[in-house]
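Below: protein-v8.tsv (TSV, C-alpha atoms)
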```tsv
chain	number	residue	atom	x	y	z
A	1	MET	CA	22.23	47.06	-18.92
A	2	ARG	CA	20.73	45.39	-21.94
A	3	ARG	CA	23.93	43.42	-22.51
A	4	LEU	CA	23.68	41.94	-19.00
A	5	VAL	CA	20.26	40.43	-19.59
A	6	PRO	CA	21.43	37.29	-21.44
A	7	LEU	CA	23.95	36.60	-18.67
A	8	VAL	CA	21.30	36.98	-15.97
A	9	VAL	CA	18.95	34.66	-17.87
A	10	LEU	CA	21.72	32.10	-18.31
A	11	LEU	CA	22.59	32.12	-14.61
A	12	LEU	CA	18.93	31.72	-13.64
A	13	GLY	CA	18.65	28.83	-16.04
A	14	LEU	CA	21.69	27.11	-14.58
A	15	ALA	CA	20.35	27.58	-11.07
A	16	ALA	CA	17.03	26.03	-12.08
A	17	CYS	CA	18.80	23.04	-13.61
A	18	GLY	CA	20.82	22.54	-10.44
A	19	GLY	CA	17.68	22.64	-8.30
A	20	GLY	CA	15.93	20.19	-10.60
A	21	GLY	CA	18.85	17.79	-10.32
A	22	GLU	CA	18.70	17.88	-6.55
A	23	ASP	CA	14.97	17.29	-6.63
A	24	GLU	CA	15.42	14.28	-8.90
A	25	LYS	CA	17.99	12.82	-6.50
A	26	ALA	CA	15.65	13.39	-3.56
A	27	VAL	CA	12.71	11.80	-5.38
A	28	LYS	CA	14.79	8.74	-6.28
A	29	ALA	CA	16.13	8.40	-2.73
A	30	ASN	CA	12.70	8.69	-1.13
A	31	VAL	CA	11.08	6.16	-3.45
A	32	GLU	CA	13.93	3.73	-2.75
A	33	ARG	CA	13.58	4.24	0.99
A	34	PHE	CA	9.79	3.92	0.87
A	35	PHE	CA	9.99	0.43	-0.64
A	36	ALA	CA	12.89	-0.69	1.56
A	37	THR	CA	12.67	-2.24	5.00
A	38	ASP	CA	13.22	1.06	6.76
A	39	PRO	CA	11.05	2.65	9.47
A	40	ALA	CA	12.20	6.06	8.21
A	41	GLY	CA	10.20	5.40	5.05
A	42	CYS	CA	6.98	5.54	7.06
A	43	THR	CA	6.99	9.34	6.96
A	44	LEU	CA	7.51	9.50	3.20
A	45	GLU	CA	3.81	9.24	2.29
A	46	THR	CA	1.24	11.99	2.24
A	47	GLU	CA	-1.15	11.78	5.18
A	48	ARG	CA	-3.96	10.39	3.02
A	49	MET	CA	-1.70	7.68	1.61
A	50	ALA	CA	-0.39	6.76	5.06
A	51	ARG	CA	-3.91	6.30	6.45
A	52	ASN	CA	-5.03	4.28	3.44
A	53	THR	CA	-2.01	2.00	3.11
A	54	GLN	CA	-1.98	1.26	6.85
A	55	ASP	CA	-5.78	1.06	7.06
A	56	SER	CA	-5.74	3.47	10.01
A	57	ALA	CA	-8.21	6.18	11.01
A	58	THR	CA	-5.56	8.77	11.88
A	59	THR	CA	-2.19	9.70	10.45
A	60	GLY	CA	-0.49	9.19	13.81
A	61	GLU	CA	-1.86	5.66	14.10
A	62	ALA	CA	-0.83	4.94	10.52
A	63	ILE	CA	2.78	6.02	11.01
A	64	ALA	CA	3.05	4.13	14.31
A	65	SER	CA	1.62	0.99	12.68
A	66	CYS	CA	4.01	1.30	9.75
A	67	ARG	CA	7.03	1.71	12.03
A	68	ARG	CA	6.07	-1.35	14.09
A	69	ARG	CA	5.80	-3.44	10.95
A	70	GLU	CA	9.09	-2.24	9.53
A	71	GLN	CA	10.88	-2.90	12.82
A	72	GLN	CA	9.38	-6.39	12.95
A	73	ARG	CA	10.56	-7.01	9.39
A	74	ARG	CA	14.07	-5.85	10.22
A	75	SER	CA	14.21	-8.21	13.18
A	76	GLY	CA	12.92	-11.10	11.07
A	77	GLY	CA	9.56	-11.25	12.82
A	78	ASP	CA	6.04	-11.51	11.41
A	79	SER	CA	4.99	-8.13	10.02
A	80	GLY	CA	1.30	-9.09	10.08
A	81	THR	CA	0.85	-8.87	6.32
A	82	PRO	CA	0.04	-11.77	3.96
A	83	PHE	CA	2.77	-10.90	1.45
A	84	ALA	CA	6.50	-11.18	2.04
A	85	PRO	CA	7.65	-7.54	1.78
A	86	SER	CA	9.99	-6.13	-0.82
A	87	HIS	CA	13.38	-4.99	0.46
A	88	GLY	CA	13.90	-2.23	-2.06
A	89	ALA	CA	13.22	-0.95	-5.55
A	90	ALA	CA	15.15	0.01	-8.65
A	91	VAL	CA	14.00	3.54	-9.43
A	92	SER	CA	14.16	5.08	-12.89
A	93	GLY	CA	12.40	7.60	-15.11
A	94	VAL	CA	12.27	10.35	-12.51
A	95	SER	CA	10.50	13.47	-13.77
A	96	VAL	CA	9.99	16.65	-11.75
A	97	ASP	CA	7.44	19.34	-12.58
A	98	GLY	CA	7.32	22.03	-9.93
A	99	ALA	CA	6.00	20.49	-6.71
A	100	LYS	CA	4.98	17.23	-8.40
A	101	ALA	CA	7.08	14.33	-9.60
A	102	THR	CA	6.75	10.86	-11.08
A	103	ALA	CA	9.04	7.85	-11.09
A	104	LYS	CA	9.10	4.18	-12.06
A	105	ALA	CA	9.87	1.60	-9.37
A	106	THR	CA	10.70	-2.07	-10.00
A	107	LEU	CA	10.26	-3.91	-6.72
A	108	GLN	CA	13.05	-6.09	-5.41
A	109	GLY	CA	12.56	-9.11	-3.17
A	110	GLY	CA	9.46	-10.50	-1.50
A	111	ASP	CA	6.26	-11.74	-3.12
A	112	LEU	CA	6.02	-8.64	-5.34
A	113	GLU	CA	9.49	-9.12	-6.85
A	114	GLY	CA	9.74	-7.61	-10.33
A	115	GLN	CA	6.46	-5.70	-10.27
A	116	LYS	CA	6.79	-2.37	-12.05
A	117	LEU	CA	4.95	0.50	-10.41
A	118	ALA	CA	4.29	4.09	-11.39
A	119	VAL	CA	4.80	6.39	-8.41
A	120	GLY	CA	3.48	9.93	-8.05
A	121	LEU	CA	4.96	12.30	-5.48
A	122	VAL	CA	4.28	15.79	-4.17
A	123	LYS	CA	6.65	18.12	-2.37
A	124	GLN	CA	5.40	19.09	1.08
A	125	ALA	CA	7.42	21.30	3.42
A	126	GLY	CA	10.51	20.59	1.36
A	127	VAL	CA	10.09	16.79	1.44
A	128	TRP	CA	9.10	14.62	-1.54
A	129	LYS	CA	6.28	12.31	-0.44
A	130	ILE	CA	4.56	9.43	-2.19
A	131	ASP	CA	1.00	10.42	-3.09
A	132	ARG	CA	-0.02	7.78	-5.63
A	133	ILE	CA	0.95	4.27	-6.71
A	134	ASP	CA	-0.30	2.56	-9.87
A	135	GLY	CA	0.36	-0.74	-11.60
A	136	LEU	CA	0.28	-3.30	-8.78
A	137	ARG	CA	-1.04	-6.65	-9.98
A	138	ILE	CA	-2.68	-9.25	-7.75
A	139	ASP	CA	-2.58	-12.55	-9.63
A	140	ALA	CA	-3.91	-15.97	-8.63
A	141	ARG	CA	-0.75	-16.80	-6.66
A	142	LEU	CA	-0.90	-13.61	-4.60
A	143	ARG	CA	-4.65	-13.95	-4.09
A	144	ALA	CA	-4.15	-17.46	-2.76
A	145	LYS	CA	-1.58	-16.13	-0.27
A	146	TYR	CA	-3.96	-13.39	0.84
A	147	ASP	CA	-6.85	-15.84	1.25
A	148	SER	CA	-4.67	-18.32	3.15
A	149	ALA	CA	-3.98	-15.57	5.70
A	150	PHE	CA	-7.57	-14.31	5.77
A	151	GLY	CA	-9.27	-17.73	6.10
A	152	PRO	CA	-7.83	-18.77	9.49
A	153	ASN	CA	-8.82	-15.41	10.98
A	154	VAL	CA	-12.39	-15.94	9.81
A	155	ARG	CA	-12.42	-19.48	11.18
A	156	SER	CA	-11.13	-18.31	14.54
A	157	ALA	CA	-13.74	-15.54	14.74
A	158	LEU	CA	-16.55	-18.03	14.08
A	159	LYS	CA	-15.53	-20.50	16.77
A	160	GLY	CA	-18.11	-20.47	19.55
A	161	ARG	CA	-20.51	-18.26	17.58
A	162	ILE	CA	-22.02	-21.05	15.50
A	163	PRO	CA	-22.17	-24.85	15.82
A	164	ASP	CA	-18.87	-26.53	14.99
A	165	ASP	CA	-20.42	-28.50	12.16
A	166	LYS	CA	-21.39	-25.20	10.46
A	167	VAL	CA	-18.00	-23.49	10.71
A	168	GLU	CA	-16.32	-24.76	7.53
A	169	ALA	CA	-19.33	-24.14	5.32
A	170	THR	CA	-19.68	-20.64	6.73
A	171	VAL	CA	-15.98	-19.91	6.23
A	172	THR	CA	-16.28	-21.00	2.59
A	173	CYS	CA	-19.37	-18.82	2.17
A	174	ILE	CA	-17.63	-15.75	3.64
A	175	MET	CA	-14.50	-16.25	1.55
A	176	GLN	CA	-16.53	-16.57	-1.64
A	177	ARG	CA	-18.66	-13.51	-0.90
A	178	PHE	CA	-15.60	-11.48	0.05
A	179	ALA	CA	-13.79	-12.47	-3.15
A	180	ALA	CA	-16.83	-11.44	-5.19
A	181	SER	CA	-17.04	-8.01	-3.55
A	182	VAL	CA	-13.25	-7.52	-3.46
A	183	PRO	CA	-11.84	-8.90	-6.73
A	184	ASN	CA	-8.10	-8.86	-7.39
A	185	ALA	CA	-8.10	-5.37	-8.90
A	186	ARG	CA	-9.82	-3.92	-5.86
A	187	LEU	CA	-7.44	-5.75	-3.54
A	188	ALA	CA	-4.59	-4.15	-5.48
A	189	ASP	CA	-6.25	-0.77	-4.91
A	190	GLN	CA	-5.96	-1.38	-1.16
A	191	TYR	CA	-2.22	-1.98	-1.36
A	192	GLU	CA	-1.82	1.04	-3.63
A	193	GLY	CA	-3.47	3.23	-1.00
A	194	LYS	CA	-6.56	4.03	-3.03
A	195	LEU	CA	-9.19	2.73	-0.61
A	196	ALA	CA	-10.30	4.57	2.51
A	197	PRO	CA	-9.49	2.95	5.86
A	198	GLY	CA	-11.93	0.23	6.81
A	199	THR	CA	-13.10	-0.51	3.24
A	200	LEU	CA	-12.01	-4.15	3.22
A	201	SER	CA	-13.13	-4.66	6.82
A	202	GLU	CA	-16.60	-3.47	5.86
A	203	ALA	CA	-16.65	-5.86	2.91
A	204	GLY	CA	-15.62	-8.72	5.18
A	205	GLU	CA	-18.26	-7.82	7.75
A	206	GLU	CA	-20.98	-7.65	5.12
A	207	ALA	CA	-19.96	-11.07	3.80
A	208	ALA	CA	-19.93	-12.50	7.32
A	209	GLN	CA	-23.37	-11.11	8.22
A	210	ALA	CA	-24.92	-12.48	5.03
A	211	CYS	CA	-23.39	-15.94	5.54
A	212	LEU	CA	-24.29	-16.05	9.23
A	213	ALA	CA	-27.88	-15.16	8.37
A	214	THR	CA	-27.99	-17.98	5.83
A	215	SER	CA	-26.47	-20.42	8.32
A	216	SER	CA	-29.05	-19.43	10.93
A	217	GLN	CA	-31.92	-19.92	8.51
A	218	ASN	CA	-30.65	-23.34	7.50
A	219	SER	CA	-30.37	-24.36	11.16
A	220	GLN	CA	-33.96	-23.36	11.84
A	221	SER	CA	-35.37	-25.13	8.80
```
Before anything else, please render the file you have as structure tokens.
Amino acid sequence: MRRLVPLVVLLLGLAACGGGGEDEKAVKANVERFFATDPAGCTLETERMARNTQDSATTGEAIASCRRREQQRRSGGDSGTPFAPSHGAAVSGVSVDGAKATAKATLQGGDLEGQKLAVGLVKQAGVWKIDRIDGLRIDARLRAKYDSAFGPNVRSALKGRIPDDKVEATVTCIMQRFAASVPNARLADQYEGKLAPGTLSEAGEEAAQACLATSSQNSQS
């Protein structure tokens, strides 16, 4: 019996290596799909990540929102996001440790082309799901694109609420206050799924209330 032990150990070791290889392939495939224009990638996040990245209160709403956006992107329509989406990622450096894994993803296409992200995954019910993203950079160019999408929405919301001659000054005030409370690093946190749903909306509302109060005071003086 003693002479069989090394053989048993060897076979177990080979089996473990085979399983690890399959896990690495699955991790790579899921990260690639997640960053591609593919509605199937919408179920490849943990529930917390899905809610945060889609800014939705429930997981069901988050997945439905994600699928709508991906389908709109596939059809060439407006996905409702300020940044042109990536269409894939080059994945490398996959490492698996039990039910956790990490990988490097270099984004391909869109406004985030070339950005190198660190991706953390966990295995849930046999499926590798994205649980953390690090390394996204929001520079001046990307911030300008975000603000150019945000500004018109603010302007539209103010129409009819305040005198027309106060609109532009109030828009500028709100944009400046919002930028101060949500600097580029915090905006990157939103896209990395690190902020709870509604965080940026709350910041925008606080900026709007402060600027509207100032506008009202100036009108009365």
* Asked: Which neighbours of range 196-211 of chain A fall inside 8 Å, counting all atoms listed in the file, when residues of the same chain fewer than 5 positions from it are skipped, and could you give them as a PyMOL selection string?
  -> chain A and resi 51-52+54-57+170+173-175+177-178+181-182+190
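Of the listed residues A:Ala89, A:Ser95, A:Leu117, A:Phe83, the one whose atoms come nearest to Lys145 in chain A is A:Phe83, with distances taken using only C-alpha atoms.
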* To do: May I ask for the distance between CA of Glu22 in chain A and CA of Val96 in chain A, given in Å to one decimal place?
  =>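 Answer for the CA of Glu22 in chain A to CA of Val96 in chain A separation: 10.2 Å.
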* To do: In the coordinates of the file, take the point (-27.2, -20.2, 4.2) and a cut-off of 10 Å; then, counting only C-alpha atoms, name each qualifying protein, DNA or RNA residue as a list in words.
  =>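 All residues meeting the 10 Å criterion around (-27.2, -20.2, 4.2) are Lys166, Ala169, Thr170, Cys173, Ala210, Cys211, Leu212, Ala213, Thr214, Ser215, Ser216, Gln217, Asn218 and Ser219 of chain A.
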* **Pick from A:Val91, A:Ala105, A:Ala149, A:Ile130 nearest to Arg48 in chain A, counting all atoms listed in the file** => A:Ile130
* Who sits within 12 Å of Cys42 in chain A, all atoms listed in the file, same chain under 4 positions skipped, as JSON, numbers by chain -> {"A": [30, 31, 33, 34, 35, 36, 37, 38, 46, 47, 49, 50, 51, 53, 54, 59, 60, 61, 62, 63, 64, 65, 66, 67, 68, 69, 70, 71, 129, 130]}
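For the choices A:Ala188, A:Ala90, A:Ala101, A:Val154, the atom-to-atom distance to Val127 in chain A is smallest for A:Ala101 when using only C-alpha atoms.
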* Within 9 Å of Pro85 in chain A, counting all atoms listed in the file, which residues show up once you throw out same-chain ones fewer than 5 positions away? Write them as a ChimeraX atom specification, please. => /A:35-37,73,79,109-113
* **Å distance separating CA of Trp128 in chain A from CA of Pro82 in chain A, one decimal place** => 28.4 Å
* By how many Å are CA of Ser86 in chain A and CA of Asp189 in chain A apart? ->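 Here the two named atoms are 17.6 Å from each other.
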* Asked: Which residue gives the smallest distance to Ile133 in chain A among A:Arg161, A:Arg186, A:Lys25, A:Lys194, with only C-alpha atoms counted?
  -> A:Lys194
* Show which residues sit within 12 Å of Val94 in chain A, as JSON, numbers by chain. Count only C-alpha atoms, and ignore same-chain residues fewer than 5 positions away. => {"A": [20, 21, 22, 23, 24, 25, 26, 27, 28, 29, 30, 31, 32, 100, 101, 102, 103, 104, 105, 118, 119, 120, 121]}
* **From A:Pro163, A:Val171, A:Val122, A:Glu45, residue lying nearest Ser148 in chain A [all atoms listed in the file]** =>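 So, comparing all the options, the nearest one is A:Val171.
Between Asp147 in chain A and the residues A:Lys159, A:Gly76, A:Leu187, A:Gln124, the shortest atom-to-atom distance, using all atoms listed in the file, involves A:Leu187.
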